[in-house]
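Enquirer: Got a structure here, written out as structure tokens. Questions coming.
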Amino acid sequence: MKIVSTIEEVRTQVAAWKKAGETIGFVPTMGYLHEGHLSLIEAAGENDRVVVSIFVNPMQFGPTEDLASYPRDLERDAALCEKYHVDLIFHPTAEEMYGESFYSYVDMDVLTKELCGLSRPVHFRGVCTVVAKLFNIVTPDRAYFGEKDAQQLAIIKRMVQDLNMPLTIKGCPIIREEDGLAKSSRNTYLSPEERKAALVLSRSVFLGKAMAEQGEKDADRIKAAMTAEIESEPLARIDYVKIVDLKTMQQVKTINGGILAAIAVYIGKTRLIDNFMISD
Ligand code: AMP
């Protein structure tokens with residue numbers, strides 16, 4: 001496994017693989033890898049070569065968000081990647097990615113205006129821009145994203161469709177801790193007491209999912225039950241509980257076809273997300 005930090009090194013390696021007729025799977029991450037990331041890396045094993053990027057992208061953090069404190073541990077990440085047969089880690093600096101000045105952005109309408117887009121106004125512009133750049137650098141055949149960040153997955157799929165990017169986007173299921181909490185690098189921020197309180201997210205998601213599976217069609221009733229569950233936890237503060245159309249991210253009243261039920265909840269100062277989806 002190689003670890004490189006320049007765009008040129010990635011291009012040289014990828015060119016050699018492509019010349020040999022090999023396919024490339026790509027997993028973009030911000031590092032501090034856990035089983036959620038590793039499940040994407042395993043899925044990417046269907047390609048001849050697997051590239052993982054580890055880059056805490058400043059452009060997708062708002063001014064009051066956790067860019068400085070976001071957990072980082074390249075050595076640990078590299079050992080995990082090696083174990084999971086990654087061929088190349090791309091670990092650029094912000095300067096390598098954005099140079100001294102940077103003026104071009106990939107922005108998206110509609111899908112970015114709901115859910116996390118409301119509480120994190122610059123977030124998806126930063127995500128789309130960095131992912132488009134990474135796709136241009138790595139030129140993968142397939143790229144892998146987690147359903148944990150369901151809005152992000154929908155946005156990336158739409159960007160690839162709208163901008164005719166020549167690759168396939170694959171979504172992978174949410175990986176959870178044994179007690180239900182969705183794995184996240186941000187779980188490391190939680191105190192032991194907050195870690196217990198954070199279980200309210202998965203409880204709320206499982207409750208909503210069970211209602212939908214039992215035939216409840218009224219989105220407001222499902223939302224009310226999910227909200228009440230979260231409000232039963234004193235350390236939790238709701239950012240949003242919403243049920244949206246899977247393709248447009250606009251709120252629905254009735255559950256018909258593909259929907260995403262998504263929640264964002266502060267546990268103390270830590271903002272956590274979780275969701276369930278019902279496909280068409
Ligand atoms: P991040 O490092 O948080 O930017 O995440 C990198 C990728 O891993 C994204 O596509 C996430 O959706 C995915 N991911 C993060 N946590 C999980 C999880 N618990 N289950 C599945 N995928 C995940």
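The way I read the labels, and the way they are meant: chains A, B, ... in the order of the structure tokens, residue 1 as the first residue of every chain, and ligand 1 as the first ligand shown, with later ones counted on from there.
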Could you list, as number ranges by chain, all protein and nucleic acid residues with an atom at most 9 Å from ligand 1, counting only C-alpha atoms and all ligand atoms?
Expert: A: 27-40, 54-57, 144-150, 152-153, 171-177, 181-186, 274
Enquirer: I need the residues from that last selection saved to file as a short mmCIF file (atom, residue, chain, number, x, y, z; two decimals), in the first residue's frame (with N, CA and C atoms), if you can.
Expert:
```cif
data_model
loop_
_atom_site.label_atom_id
_atom_site.label_comp_id
_atom_site.auth_asym_id
_atom_site.auth_seq_id
_atom_site.Cartn_x
_atom_site.Cartn_y
_atom_site.Cartn_z
N VAL A 27 -12.96 5.40 -2.20
CA VAL A 27 -13.71 5.69 -0.97
C VAL A 27 -13.19 7.01 -0.38
N PRO A 28 -13.94 8.10 -0.56
CA PRO A 28 -13.53 9.37 0.05
C PRO A 28 -13.91 9.41 1.53
N THR A 29 -12.97 9.82 2.39
CA THR A 29 -13.25 9.89 3.83
C THR A 29 -12.55 11.12 4.43
N MET A 30 -12.94 11.42 5.67
CA MET A 30 -12.21 12.43 6.44
C MET A 30 -11.32 11.74 7.49
N GLY A 31 -11.15 10.42 7.37
CA GLY A 31 -10.24 9.71 8.26
C GLY A 31 -10.85 9.39 9.61
N TYR A 32 -9.98 8.99 10.53
CA TYR A 32 -10.38 8.45 11.84
C TYR A 32 -11.34 7.29 11.59
N LEU A 33 -10.82 6.34 10.84
CA LEU A 33 -11.65 5.29 10.25
C LEU A 33 -12.27 4.36 11.30
N HIS A 34 -13.50 3.95 11.00
CA HIS A 34 -14.21 2.98 11.84
C HIS A 34 -14.87 1.96 10.92
N GLU A 35 -15.65 1.06 11.50
CA GLU A 35 -16.24 -0.03 10.70
C GLU A 35 -17.15 0.48 9.59
N GLY A 36 -17.74 1.68 9.75
CA GLY A 36 -18.55 2.26 8.67
C GLY A 36 -17.69 2.48 7.42
N HIS A 37 -16.55 3.15 7.61
CA HIS A 37 -15.64 3.37 6.48
C HIS A 37 -15.14 2.02 5.93
N LEU A 38 -14.83 1.10 6.86
CA LEU A 38 -14.24 -0.17 6.41
C LEU A 38 -15.23 -0.97 5.57
N SER A 39 -16.53 -0.80 5.85
CA SER A 39 -17.53 -1.50 5.03
C SER A 39 -17.52 -0.96 3.60
N LEU A 40 -17.26 0.34 3.44
CA LEU A 40 -17.17 0.92 2.09
C LEU A 40 -15.91 0.39 1.39
N ILE A 54 -8.09 10.53 2.52
CA ILE A 54 -8.26 10.97 3.90
C ILE A 54 -7.96 12.46 3.90
N PHE A 55 -9.02 13.25 4.01
CA PHE A 55 -8.86 14.71 3.90
C PHE A 55 -9.98 15.37 4.69
N VAL A 56 -9.61 16.08 5.76
CA VAL A 56 -10.60 16.84 6.52
C VAL A 56 -10.75 18.17 5.77
N ASN A 57 -11.82 18.23 4.98
CA ASN A 57 -11.99 19.29 3.98
C ASN A 57 -12.49 20.59 4.62
N TYR A 144 -17.78 4.92 -3.46
CA TYR A 144 -18.62 4.31 -2.43
C TYR A 144 -18.92 5.32 -1.32
N PHE A 145 -20.21 5.44 -0.99
CA PHE A 145 -20.65 6.39 0.03
C PHE A 145 -21.63 5.70 0.97
N GLY A 146 -21.66 6.13 2.23
CA GLY A 146 -22.51 5.49 3.23
C GLY A 146 -23.91 6.07 3.26
N GLU A 147 -24.88 5.21 3.50
CA GLU A 147 -26.27 5.68 3.67
C GLU A 147 -26.44 6.42 4.99
N LYS A 148 -25.44 6.32 5.87
CA LYS A 148 -25.45 7.12 7.11
C LYS A 148 -25.64 8.60 6.78
N ASP A 149 -24.94 9.05 5.71
CA ASP A 149 -25.08 10.44 5.24
C ASP A 149 -25.98 10.40 4.00
N ALA A 150 -27.26 10.13 4.23
CA ALA A 150 -28.17 9.82 3.12
C ALA A 150 -28.38 11.01 2.20
N GLN A 152 -26.21 13.40 1.64
CA GLN A 152 -24.96 13.51 0.88
C GLN A 152 -24.94 12.52 -0.27
N LEU A 153 -25.35 11.27 0.00
CA LEU A 153 -25.38 10.23 -1.03
C LEU A 153 -26.30 10.65 -2.18
N GLY A 171 -24.14 3.16 -2.94
CA GLY A 171 -24.50 3.43 -1.55
C GLY A 171 -24.35 2.17 -0.72
N CYS A 172 -23.87 2.32 0.51
CA CYS A 172 -23.66 1.16 1.40
C CYS A 172 -24.41 1.38 2.72
N PRO A 173 -24.96 0.29 3.30
CA PRO A 173 -25.81 0.42 4.49
C PRO A 173 -25.11 1.02 5.71
N ILE A 174 -25.91 1.56 6.63
CA ILE A 174 -25.38 2.15 7.87
C ILE A 174 -24.82 1.03 8.76
N ILE A 175 -23.61 1.23 9.24
CA ILE A 175 -23.01 0.29 10.20
C ILE A 175 -23.19 0.89 11.60
N ARG A 176 -23.66 0.04 12.52
CA ARG A 176 -23.99 0.53 13.87
C ARG A 176 -23.15 -0.18 14.93
N GLU A 177 -23.04 0.46 16.09
CA GLU A 177 -22.49 -0.22 17.27
C GLU A 177 -23.48 -1.29 17.69
N LEU A 181 -26.23 2.59 18.11
CA LEU A 181 -25.70 3.91 17.70
C LEU A 181 -24.96 3.79 16.36
N ALA A 182 -25.32 4.65 15.40
CA ALA A 182 -24.62 4.64 14.12
C ALA A 182 -23.16 5.03 14.34
N LYS A 183 -22.24 4.27 13.74
CA LYS A 183 -20.82 4.60 13.91
C LYS A 183 -20.52 5.94 13.28
N SER A 184 -19.70 6.72 13.96
CA SER A 184 -19.32 8.04 13.45
C SER A 184 -18.01 8.45 14.13
N SER A 185 -17.16 9.12 13.36
CA SER A 185 -15.91 9.63 13.96
C SER A 185 -16.26 10.61 15.07
N ARG A 186 -17.41 11.27 14.97
CA ARG A 186 -17.80 12.27 15.97
C ARG A 186 -18.28 11.63 17.28
N ASP A 274 -28.85 10.44 11.99
CA ASP A 274 -29.23 9.04 11.75
C ASP A 274 -30.44 9.07 10.82
#
```
Enquirer: Can you tell me which residues surround Lys269 of chain A at a distance of at most 12 Å, considering only C-alpha atoms, apart from same-chain residues fewer than 5 positions away, and format the answer as a VMD selection string?
Expert: chain A and resid 64 to 66 186 to 187 189 to 191 194 198 235 to 239
Enquirer: Which residues, written as JSON, numbers by chain, have at least one atom at most 10 Å from Asp109 of chain A, with only C-alpha atoms counted and residues fewer than 4 positions away on the same chain left out?
Expert: {"A": [113, 125, 155]}
